[in-house]
Amino acid sequence: SLQFPERLNCASELLDAWVAQGQGDRTCLTGSRHHWTYAQLQAEANRIAHVLVQDMGVVPGNRVLLRGGNSPMLAACWFAIQKAGAIAVATMPLLRAKELGQIIAKAQVTHALCDAALGAELAQAQTDHPVLQRVVHYHGEGADGLEALAAGKPAQFSNVDTASDDVCLIAFTSGTTGQPKGTMHFHRDVMAICRCWPPHCLRATADDVFIGSPPLAFTFGLGGLVLFPMSVGASSVLLEKATPDVLLGAIAQHRATVCFTAPTSYRAMAAQVAQHDLRSLRKCVSAGEALPAATRALWKEATGIELIDGIGATEMLHIFISHDEAGARPGATGRVVPGYQACVLDDEGQVLPAGRIGRLAVKGPTGCRYLDDERQRQYVLKGWNLTGDAYLQDADGYFVYQARTDDMIISGGYNIAGPEVESALLAHPAVAECGVIGQPDEERGQVVKAFVVLRPGHEAGPDLVRQLQDYVKATIAPYKYPRAIEFLPSLPRTETGKLQRFRLRQP
Ligand code: 3UK
């Protein structure tokens with residue numbers, strides 16, 4: 001049920017409840033430094049909660065910034081913040097002082113827990129933003145470190161009695177341009193996402209071992225690598241830096257069964273599966289950007305596993321359109337996740353019939369609450385969240401991704417979705433990665449331009465350009481073919497695996 005009691009603390013539900021039920025000895029989190037059962041994670045989180053309250057002066061409602069790569073300690077800190085009734089503001093490890101400063105100012109962050117190895121940029125941000133009063137480091141040495149402070153604290157902590165609609169988490173969007181937007185989520189939102197997508201599309205059990213690449217600061221990673229495994233009593237492997245080769249090695253080493261990562265990472269892994277024993281793996285989830293049919297086929301051929309695609313958004317907290325393995329349909333994201341509603345709207349906000357391209361709108365137990373941002377009005381219309389994606393819904397209720405609304409290419413009067421051209425190109429054996437944009441053009445307004453990264457053994461040149469163009473013309477409507485093709489050694493991507501099209505557009 002998606003009804004929640006008036007008082008609710010997500011740490012009680014996801015962590016303490018297992019120990020209370022006598023399941024405390026089950027393995028919970030594994031990292032390079034720690035391997036914790038549920039009881040050990042609970043004790044650690046309780047001690048850290050005491051540090052937050054006694055040593056750092058955190059009171060309920062304070063915003064506490066987290067900075068670190070994925071690790072059991074980072075997760076323990078996250079739960080400690082929940083236990084103290086404070087609000088977690090997790091940040092991407094690669095952020096610099098200036099970006100951290102924007103987040104500190106926007107969320108009025110007063111306290112921080114930070115991996116000692118990443119302290120310098122945060123110290124700089126703190127100098128510029130004195131609202132941040134107190135930073136404590138973990139994974140370091142010394143008597144003022146988090147571990148030393150926590151060692152003297154009791155392993156019991158009485159969780160703050162939060163309301164189910166108290167904010168517990170401010171997630172910043174991995175937006176590719178503009179000022180970062182903070183999205184606020186309640187304790188009940190954290191529980192709601194555990195009850196919607198996982199039981200319907202993932203169906204993991206307590207015996208599963210989760211693994212993946214998304215940072216816990218990205219809600220795809222927080223859900224997939226901490227909340228969802230813990231909601232079923234499973235365990236999770238947290239990797240500080242999960243490049244495709246590291247991830248493959250770790251899947252084999254830990255006998256992982258459920259993997260979460262982005263399409264680009266599945267493509268890179270597919271090329272090297274032969275060197276690894278992946279027989280433990282049974283479920284693979286793809287999100288963050290559209291999953292091309294060619295990538296679904298590539299991964300299935302390499303591993304025998306049907307990818308589970310799902311579109312989620314920081315604003316919605318997690319995935320709202322998806323499918324299970326049996327419901328996979330190449331080229332489509334899936335159907336609306338039970339608990340949510342979704343439709344496609346025209347520019348006037350009217351629902352479009354099947355087959356028509358328009359703006360994706362979604363509604364459900366979670367939704368967009370920007371922290372002090374004018375853009376709330378653009379994102380939410382009459383209770384519907386407009387994700388900024390162009391989609392169509394087919395007659396069977398499957399949603400077919402087209403492009404980000406601002407990324408639609410208009411060329412010679414035609415509307416062309418770059419990702420459709422990318423999907424066509426990715427099916428060609430010479431193409432490892434590609435990105436398609438509209439390049440300004442006097443005559444046509446825009447022309448379709450493709451940036452292509454080649455697989456080893458293929459040579460860039462006019463012959464290959466012509467081959468690729470002919471290939472696209474033979475696969476999709478010929479007017480969509482890329483009139484310009486440029487070869488690059490790699491494509492610009494965010495830490496979350498999203499192609500940065502705006503950077504491809506810069507001449
Ligand atoms: C795009 C997809 C097509 C789409 C996210 C799962 O990506 C997540 O959140 P962000 O706020 O970005 C949201 C935007 O990313 N997108 C994501 N997944 C897909 N497009 N197919 C997909 N499967 O433009 C969306 O509006 O960074 C994903 C769970 C939690 C998340 N926060």
# chains A, B, ... in the order shown; residues from 1 in each chain; ligands from 1
call {"tool": "residues_near_ligand", "arguments": {"ligand": "ligand 1", "cutoff": "6 Å", "atoms": "only C-alpha atoms and all ligand atoms", "output": "mmCIF file with N, CA and C atoms, in the first residue's frame"}}
result
data_model
loop_
_atom_site.group_PDB
_atom_site.id
_atom_site.type_symbol
_atom_site.label_atom_id
_atom_site.label_comp_id
_atom_site.auth_asym_id
_atom_site.auth_seq_id
_atom_site.Cartn_x
_atom_site.Cartn_y
_atom_site.Cartn_z
ATOM 1 N N THR A 173 19.653 18.023 -9.181
ATOM 2 C CA THR A 173 19.542 17.420 -10.508
ATOM 3 C C THR A 173 20.907 17.386 -11.161
ATOM 4 N N SER A 174 21.096 16.330 -11.950
ATOM 5 C CA SER A 174 22.335 16.238 -12.714
ATOM 6 C C SER A 174 22.164 17.034 -13.997
ATOM 7 N N PHE A 218 23.194 10.344 -6.904
ATOM 8 C CA PHE A 218 22.261 10.267 -8.020
ATOM 9 C C PHE A 218 21.163 9.325 -7.520
ATOM 10 N N THR A 219 19.907 9.742 -7.558
ATOM 11 C CA THR A 219 18.876 8.924 -6.910
ATOM 12 C C THR A 219 18.741 7.548 -7.566
ATOM 13 N N PHE A 220 19.167 7.412 -8.827
ATOM 14 C CA PHE A 220 19.211 6.085 -9.459
ATOM 15 C C PHE A 220 20.101 5.152 -8.626
ATOM 16 N N ALA A 287 19.232 2.717 -16.851
ATOM 17 C CA ALA A 287 18.491 3.986 -16.767
ATOM 18 C C ALA A 287 19.475 5.130 -16.874
ATOM 19 N N GLY A 288 18.943 6.338 -16.943
ATOM 20 C CA GLY A 288 19.777 7.531 -17.046
ATOM 21 C C GLY A 288 19.667 8.163 -18.419
ATOM 22 N N GLU A 289 19.657 7.325 -19.432
ATOM 23 C CA GLU A 289 19.314 7.805 -20.770
ATOM 24 C C GLU A 289 18.691 6.671 -21.551
ATOM 25 N N ALA A 290 18.188 7.023 -22.757
ATOM 26 C CA ALA A 290 17.435 6.042 -23.538
ATOM 27 C C ALA A 290 18.293 4.818 -23.851
ATOM 28 N N LEU A 291 17.665 3.654 -23.832
ATOM 29 C CA LEU A 291 18.347 2.397 -24.144
ATOM 30 C C LEU A 291 18.064 2.058 -25.608
ATOM 31 N N ASP A 309 14.821 -1.802 -18.720
ATOM 32 C CA ASP A 309 14.978 -0.360 -18.926
ATOM 33 C C ASP A 309 13.976 0.360 -18.031
ATOM 34 N N GLY A 310 14.297 1.575 -17.627
ATOM 35 C CA GLY A 310 13.342 2.360 -16.856
ATOM 36 C C GLY A 310 13.722 3.818 -16.926
ATOM 37 N N ILE A 311 12.712 4.668 -17.114
ATOM 38 C CA ILE A 311 12.998 6.103 -17.030
ATOM 39 C C ILE A 311 12.615 6.598 -15.642
ATOM 40 N N GLY A 312 13.577 7.271 -15.032
ATOM 41 C CA GLY A 312 13.332 7.919 -13.759
ATOM 42 C C GLY A 312 13.809 9.349 -13.868
ATOM 43 N N ALA A 313 13.625 10.101 -12.809
ATOM 44 C CA ALA A 313 14.106 11.482 -12.775
ATOM 45 C C ALA A 313 14.340 11.862 -11.322
ATOM 46 N N THR A 314 15.313 12.730 -11.119
ATOM 47 C CA THR A 314 15.603 13.219 -9.772
ATOM 48 C C THR A 314 14.340 13.820 -9.162
ATOM 49 N N LEU A 317 12.195 11.123 -7.949
ATOM 50 C CA LEU A 317 13.003 10.278 -7.066
ATOM 51 C C LEU A 317 13.513 9.006 -7.733
ATOM 52 N N HIS A 318 12.605 8.280 -8.438
ATOM 53 C CA HIS A 318 13.101 7.070 -9.116
ATOM 54 C C HIS A 318 12.286 6.743 -10.366
ATOM 55 N N ILE A 319 12.290 5.458 -10.744
ATOM 56 C CA ILE A 319 11.731 5.034 -12.037
ATOM 57 C C ILE A 319 10.205 4.993 -12.022
ATOM 58 N N THR A 333 10.550 2.235 -23.703
ATOM 59 C CA THR A 333 11.013 2.286 -22.312
ATOM 60 C C THR A 333 10.190 1.350 -21.434
ATOM 61 N N THR A 387 8.400 16.035 -17.599
ATOM 62 C CA THR A 387 9.804 15.670 -17.393
ATOM 63 C C THR A 387 10.750 16.345 -18.369
ATOM 64 N N GLY A 388 10.185 16.960 -19.427
ATOM 65 C CA GLY A 388 11.053 17.562 -20.442
ATOM 66 C C GLY A 388 11.423 16.575 -21.537
ATOM 67 N N ASP A 389 10.701 15.448 -21.583
ATOM 68 C CA ASP A 389 10.980 14.444 -22.597
ATOM 69 C C ASP A 389 9.853 14.373 -23.610
ATOM 70 N N TYR A 401 10.461 6.527 -26.295
ATOM 71 C CA TYR A 401 11.239 7.757 -26.124
ATOM 72 C C TYR A 401 11.617 8.361 -27.471
ATOM 73 N N ARG A 404 14.950 14.536 -25.574
ATOM 74 C CA ARG A 404 14.627 15.616 -24.663
ATOM 75 C C ARG A 404 13.895 16.655 -25.506
#
call {"tool": "residues_around", "arguments": {"residues": "segment 58-60 of chain A", "least_positions_apart": "4", "cutoff": "12 Å", "atoms": "only C-alpha atoms", "output": "number ranges by chain"}}
result
A: 48-54, 64-65, 80-88, 109-113, 132-135, 159-163, 166-168
call {"tool": "write_last_selection", "arguments": {"atoms": "N, CA and C atoms", "output": "compact mmCIF listing (two decimals), in the first residue's frame"}}
result
# COMPACT_ATOMS: atom_id res chain seq x y z
N ILE A 48 27.19 7.23 14.52
CA ILE A 48 27.35 8.47 13.73
C ILE A 48 26.22 9.45 14.07
N ALA A 49 25.03 8.92 14.29
CA ALA A 49 23.90 9.80 14.67
C ALA A 49 24.23 10.53 15.98
N HIS A 50 24.86 9.82 16.93
CA HIS A 50 25.28 10.47 18.18
C HIS A 50 26.32 11.56 17.90
N VAL A 51 27.24 11.30 16.99
CA VAL A 51 28.24 12.32 16.64
C VAL A 51 27.55 13.55 16.05
N LEU A 52 26.61 13.30 15.15
CA LEU A 52 25.89 14.42 14.53
C LEU A 52 25.23 15.28 15.61
N VAL A 53 24.55 14.63 16.55
CA VAL A 53 23.78 15.37 17.55
C VAL A 53 24.69 15.97 18.62
N GLN A 54 25.56 15.13 19.22
CA GLN A 54 26.34 15.60 20.37
C GLN A 54 27.54 16.45 19.97
N VAL A 64 22.44 18.35 5.98
CA VAL A 64 23.79 17.79 6.16
C VAL A 64 24.30 17.30 4.81
N LEU A 65 25.39 17.89 4.37
CA LEU A 65 25.96 17.53 3.07
C LEU A 65 26.80 16.26 3.20
N ALA A 80 22.43 7.72 9.32
CA ALA A 80 22.60 8.49 10.56
C ALA A 80 21.86 9.82 10.46
N ILE A 81 21.94 10.44 9.31
CA ILE A 81 21.24 11.72 9.08
C ILE A 81 19.73 11.51 9.23
N GLN A 82 19.22 10.41 8.65
CA GLN A 82 17.78 10.11 8.77
C GLN A 82 17.41 9.90 10.24
N LYS A 83 18.24 9.15 10.94
CA LYS A 83 17.96 8.85 12.35
C LYS A 83 17.91 10.13 13.18
N ALA A 84 18.76 11.09 12.85
CA ALA A 84 18.82 12.35 13.59
C ALA A 84 17.72 13.32 13.15
N GLY A 85 16.88 12.90 12.20
CA GLY A 85 15.80 13.76 11.73
C GLY A 85 16.29 14.91 10.87
N ALA A 86 17.52 14.80 10.39
CA ALA A 86 18.07 15.86 9.54
C ALA A 86 17.80 15.52 8.07
N ILE A 87 18.35 16.32 7.17
CA ILE A 87 18.07 16.18 5.73
C ILE A 87 19.39 15.92 5.01
N ALA A 88 19.45 14.81 4.28
CA ALA A 88 20.67 14.45 3.56
C ALA A 88 20.77 15.19 2.25
N VAL A 109 23.12 24.51 3.75
CA VAL A 109 23.78 23.38 4.40
C VAL A 109 24.58 23.89 5.60
N THR A 110 24.35 23.29 6.78
CA THR A 110 25.04 23.74 7.98
C THR A 110 26.12 22.77 8.45
N HIS A 111 26.02 21.51 8.03
CA HIS A 111 26.96 20.48 8.48
C HIS A 111 27.34 19.60 7.31
N ALA A 112 28.50 18.94 7.41
CA ALA A 112 28.91 18.05 6.32
C ALA A 112 29.70 16.88 6.86
N LEU A 113 29.52 15.72 6.21
CA LEU A 113 30.35 14.54 6.44
C LEU A 113 31.02 14.26 5.10
N LEU A 132 28.01 26.97 6.25
CA LEU A 132 28.47 25.62 6.59
C LEU A 132 29.39 25.71 7.80
N GLN A 133 28.85 25.28 8.98
CA GLN A 133 29.57 25.49 10.24
C GLN A 133 30.57 24.40 10.54
N ARG A 134 30.22 23.16 10.26
CA ARG A 134 31.01 22.08 10.80
C ARG A 134 31.15 20.94 9.81
N VAL A 135 32.40 20.59 9.49
CA VAL A 135 32.69 19.47 8.58
C VAL A 135 33.47 18.41 9.35
N ASN A 159 15.71 6.89 17.23
CA ASN A 159 15.49 7.73 16.05
C ASN A 159 14.54 8.89 16.35
N VAL A 160 14.82 10.04 15.74
CA VAL A 160 13.90 11.17 15.86
C VAL A 160 12.57 10.77 15.24
N ASP A 161 11.50 11.11 15.91
CA ASP A 161 10.15 10.72 15.49
C ASP A 161 9.67 11.66 14.39
N THR A 162 10.15 11.43 13.19
CA THR A 162 9.83 12.33 12.07
C THR A 162 8.43 12.06 11.54
N ALA A 163 7.86 13.06 10.88
CA ALA A 163 6.58 12.87 10.19
C ALA A 163 6.84 12.23 8.83
N ASP A 166 7.93 14.80 6.45
CA ASP A 166 9.11 15.64 6.69
C ASP A 166 10.10 15.39 5.56
N VAL A 167 10.72 16.47 5.09
CA VAL A 167 11.76 16.31 4.07
C VAL A 167 12.93 15.54 4.67
N CYS A 168 13.44 14.54 3.95
CA CYS A 168 14.57 13.77 4.47
C CYS A 168 15.76 13.82 3.52
call {"tool": "closest_residue", "arguments": {"among": "A:Thr366, A:Ser280, A:Ser236, A:Thr127", "to": "Cys28 of chain A", "atoms": "only C-alpha atoms"}}
result
A:Ser236
call {"tool": "closest_residue", "arguments": {"among": "A:Pro130, A:Gln506, A:Pro229, A:Gly457", "to": "Thr27 of chain A", "atoms": "only C-alpha atoms"}}
result
A:Pro229
call {"tool": "closest_residue", "arguments": {"among": "A:Arg67, A:Lys106, A:Arg195, A:Arg267", "to": "Ser1 of chain A", "atoms": "only C-alpha atoms"}}
result
A:Arg195
call {"tool": "residues_around", "arguments": {"residues": "segment 184-188 of chain A", "least_positions_apart": "2", "cutoff": "8 Å", "atoms": "only C-alpha atoms", "output": "PDB file with C-alpha atoms, in the first residue's frame"}}
result
ATOM      1  CA  PHE A   4       1.774   5.677   5.273  1.00  0.00           C
ATOM      2  CA  LEU A   8       7.530   7.592   9.754  1.00  0.00           C
ATOM      3  CA  ASN A   9      11.315   7.467   9.686  1.00  0.00           C
ATOM      4  CA  CYS A  10      12.753   5.677   6.655  1.00  0.00           C
ATOM      5  CA  ALA A 163       6.576  12.872  10.189  1.00  0.00           C
ATOM      6  CA  SER A 164       6.085  10.845   7.028  1.00  0.00           C
ATOM      7  CA  ASP A 165       6.029  14.120   5.101  1.00  0.00           C
ATOM      8  CA  ASP A 166       9.113  15.638   6.691  1.00  0.00           C
ATOM      9  CA  VAL A 167      11.760  16.310   4.065  1.00  0.00           C
ATOM     10  CA  CYS A 168      14.572  13.770   4.471  1.00  0.00           C
ATOM     11  CA  LEU A 169      16.528  14.255   1.289  1.00  0.00           C
ATOM     12  CA  ILE A 170      17.418  17.097  -1.074  1.00  0.00           C
ATOM     13  CA  ALA A 171      18.681  15.705  -4.363  1.00  0.00           C
ATOM     14  CA  GLY A 182      17.365  20.971  -5.488  1.00  0.00           C
ATOM     15  CA  VAL A 190      11.704   6.951   0.063  1.00  0.00           C
ATOM     16  CA  MET A 191       9.353   4.153   1.146  1.00  0.00           C
ATOM     17  CA  ALA A 192       6.983   4.684  -1.801  1.00  0.00           C
ATOM     18  CA  LEU A 317      13.003  10.278  -7.066  1.00  0.00           C
ATOM     19  CA  THR A 366       6.425  11.002  -5.539  1.00  0.00           C
ATOM     20  CA  CYS A 368       8.599  17.420  -8.066  1.00  0.00           C
ATOM     21  CA  ARG A 369       9.121  19.825  -5.180  1.00  0.00           C
ATOM     22  CA  TYR A 370      11.904  22.174  -6.162  1.00  0.00           C
ATOM     23  CA  LEU A 371      13.588  23.994  -3.350  1.00  0.00           C
TER      24      LEU A 371
END
call {"tool": "select_by_dssp", "arguments": {"residues": "segment 60-155 of chain A", "states": "strand (DSSP E or B)", "output": "ChimeraX atom specification"}}
result
/A:63-67,87-91,109-115,134-138
call {"tool": "write_last_selection", "arguments": {"atoms": "C-alpha atoms", "output": "PDB file, in the first residue's frame"}}
result
ATOM      1  CA  ARG A  63      20.735  20.069   6.007  1.00  0.00           C
ATOM      2  CA  VAL A  64      23.787  17.788   6.161  1.00  0.00           C
ATOM      3  CA  LEU A  65      25.959  17.529   3.072  1.00  0.00           C
ATOM      4  CA  LEU A  66      27.513  14.195   2.144  1.00  0.00           C
ATOM      5  CA  ARG A  67      30.583  13.973  -0.042  1.00  0.00           C
ATOM      6  CA  ILE A  87      18.075  16.179   5.734  1.00  0.00           C
ATOM      7  CA  ALA A  88      20.673  14.447   3.564  1.00  0.00           C
ATOM      8  CA  VAL A  89      22.204  16.446   0.722  1.00  0.00           C
ATOM      9  CA  ALA A  90      24.390  13.971  -1.128  1.00  0.00           C
ATOM     10  CA  THR A  91      26.786  15.437  -3.682  1.00  0.00           C
ATOM     11  CA  VAL A 109      23.779  23.381   4.402  1.00  0.00           C
ATOM     12  CA  THR A 110      25.040  23.741   7.985  1.00  0.00           C
ATOM     13  CA  HIS A 111      26.959  20.482   8.484  1.00  0.00           C
ATOM     14  CA  ALA A 112      28.907  18.047   6.324  1.00  0.00           C
ATOM     15  CA  LEU A 113      30.352  14.545   6.440  1.00  0.00           C
ATOM     16  CA  CYS A 114      33.091  14.187   3.861  1.00  0.00           C
ATOM     17  CA  ASP A 115      35.535  11.522   2.713  1.00  0.00           C
ATOM     18  CA  ARG A 134      31.012  22.077  10.804  1.00  0.00           C
ATOM     19  CA  VAL A 135      32.694  19.474   8.577  1.00  0.00           C
ATOM     20  CA  VAL A 136      33.794  16.071   9.871  1.00  0.00           C
ATOM     21  CA  HIS A 137      35.902  13.727   7.749  1.00  0.00           C
ATOM     22  CA  TYR A 138      35.636   9.957   7.473  1.00  0.00           C
TER      23      TYR A 138
END
call {"tool": "select_by_dssp", "arguments": {"residues": "segment 12-65 of chain A", "states": "helix (DSSP H, G or I)", "output": "MDAnalysis selection string"}}
result
chainID A and resid 12:20 38:55
call {"tool": "residues_around", "arguments": {"residues": "His34 of chain A", "least_positions_apart": "2", "cutoff": "12 Å", "atoms": "only C-alpha atoms", "output": "PyMOL selection string"}}
result
chain A and resi 27-32+36-37+40-41+44+70-76+139+236-239
call {"tool": "residues_around", "arguments": {"residues": "Arg455 of chain A", "least_positions_apart": "2", "cutoff": "10 Å", "atoms": "only C-alpha atoms", "output": "list in words"}}
result
Ala271, Pro429, Ala430, Val431, Ala432, Glu433, Val452, Val453, Gly457, His458, Glu459 and Pro489 of chain A
call {"tool": "residues_around", "arguments": {"residues": "Ala125 of chain A", "least_positions_apart": "2", "cutoff": "9 Å", "atoms": "only C-alpha atoms", "output": "CSV table (one decimal) with C-alpha atoms, in the first residue's frame"}}
result
chain,number,residue,atom,x,y,z
A,96,ARG,CA,34.4,21.4,-7.4
A,97,ALA,CA,34.3,24.1,-4.8
A,98,LYS,CA,32.2,26.4,-6.9
A,99,GLU,CA,29.5,23.8,-7.5
A,100,LEU,CA,29.6,22.6,-3.9
A,101,GLY,CA,29.2,26.3,-2.9
A,102,GLN,CA,26.0,26.7,-5.0
A,104,ILE,CA,25.5,24.8,0.2
A,120,ALA,CA,40.1,20.1,-0.2
A,121,GLU,CA,37.3,21.3,-2.5
A,122,LEU,CA,34.8,21.3,0.4
A,123,ALA,CA,37.1,23.3,2.6
A,127,THR,CA,35.5,29.4,3.2
A,128,ASP,CA,33.2,31.0,0.6
A,129,HIS,CA,30.0,29.9,2.4
A,130,PRO,CA,30.3,30.3,6.2
A,132,LEU,CA,28.5,25.6,6.6
call {"tool": "residues_around", "arguments": {"residues": "segment 204-209 of chain A", "least_positions_apart": "3", "cutoff": "12 Å", "atoms": "only C-alpha atoms", "output": "CSV table (one decimal) with C-alpha atoms, in the first residue's frame"}}
result
chain,number,residue,atom,x,y,z
A,18,TRP,CA,15.5,-6.1,10.0
A,23,GLN,CA,17.6,-10.7,10.7
A,26,ARG,CA,22.3,-10.9,7.2
A,27,THR,CA,25.0,-9.4,5.0
A,28,CYS,CA,24.0,-5.8,4.1
A,29,LEU,CA,26.8,-3.7,2.6
A,30,THR,CA,30.2,-4.6,1.2
A,194,CYS,CA,10.6,0.8,-2.7
A,197,TRP,CA,9.1,-0.2,-9.3
A,198,PRO,CA,11.0,-2.9,-7.4
A,199,PRO,CA,8.2,-5.5,-6.7
A,200,HIS,CA,6.7,-5.0,-10.2
A,201,CYS,CA,9.7,-4.8,-12.5
A,212,GLY,CA,26.4,-1.0,-10.0
A,224,GLY,CA,19.3,0.8,-6.8
A,225,LEU,CA,22.3,0.2,-4.5
A,226,VAL,CA,21.0,1.1,-1.0
A,228,PHE,CA,16.0,-1.3,-2.9
A,229,PRO,CA,18.3,-4.0,-1.7
A,230,MET,CA,17.6,-3.0,1.9
A,231,SER,CA,13.9,-3.0,1.3
A,232,VAL,CA,14.0,-6.7,0.7
A,233,GLY,CA,16.8,-7.7,3.1
A,234,ALA,CA,19.3,-8.3,0.3
A,235,SER,CA,23.0,-7.2,0.2
A,236,SER,CA,24.8,-4.6,-1.9
A,237,VAL,CA,28.3,-4.0,-3.1
A,238,LEU,CA,29.4,-0.4,-3.1
A,250,ALA,CA,33.5,-6.9,-9.1
A,251,ILE,CA,30.5,-8.7,-10.5
A,252,ALA,CA,32.6,-11.8,-10.8
A,253,GLN,CA,34.4,-11.4,-7.5
A,254,HIS,CA,31.3,-10.8,-5.4
A,255,ARG,CA,29.0,-13.2,-7.4
A,256,ALA,CA,26.6,-10.2,-7.9
A,257,THR,CA,23.2,-11.0,-9.1
A,258,VAL,CA,21.5,-7.6,-9.8
A,259,CYS,CA,23.4,-4.8,-11.7
A,260,PHE,CA,22.4,-1.1,-12.1
A,280,SER,CA,26.0,-15.1,-11.1
A,281,LEU,CA,24.3,-12.2,-12.8
A,282,ARG,CA,20.5,-12.6,-13.3
A,283,LYS,CA,19.0,-9.1,-13.6
A,284,CYS,CA,20.4,-5.9,-15.2
A,285,VAL,CA,18.8,-2.5,-15.0
A,324,ASP,CA,10.2,-6.6,-16.4
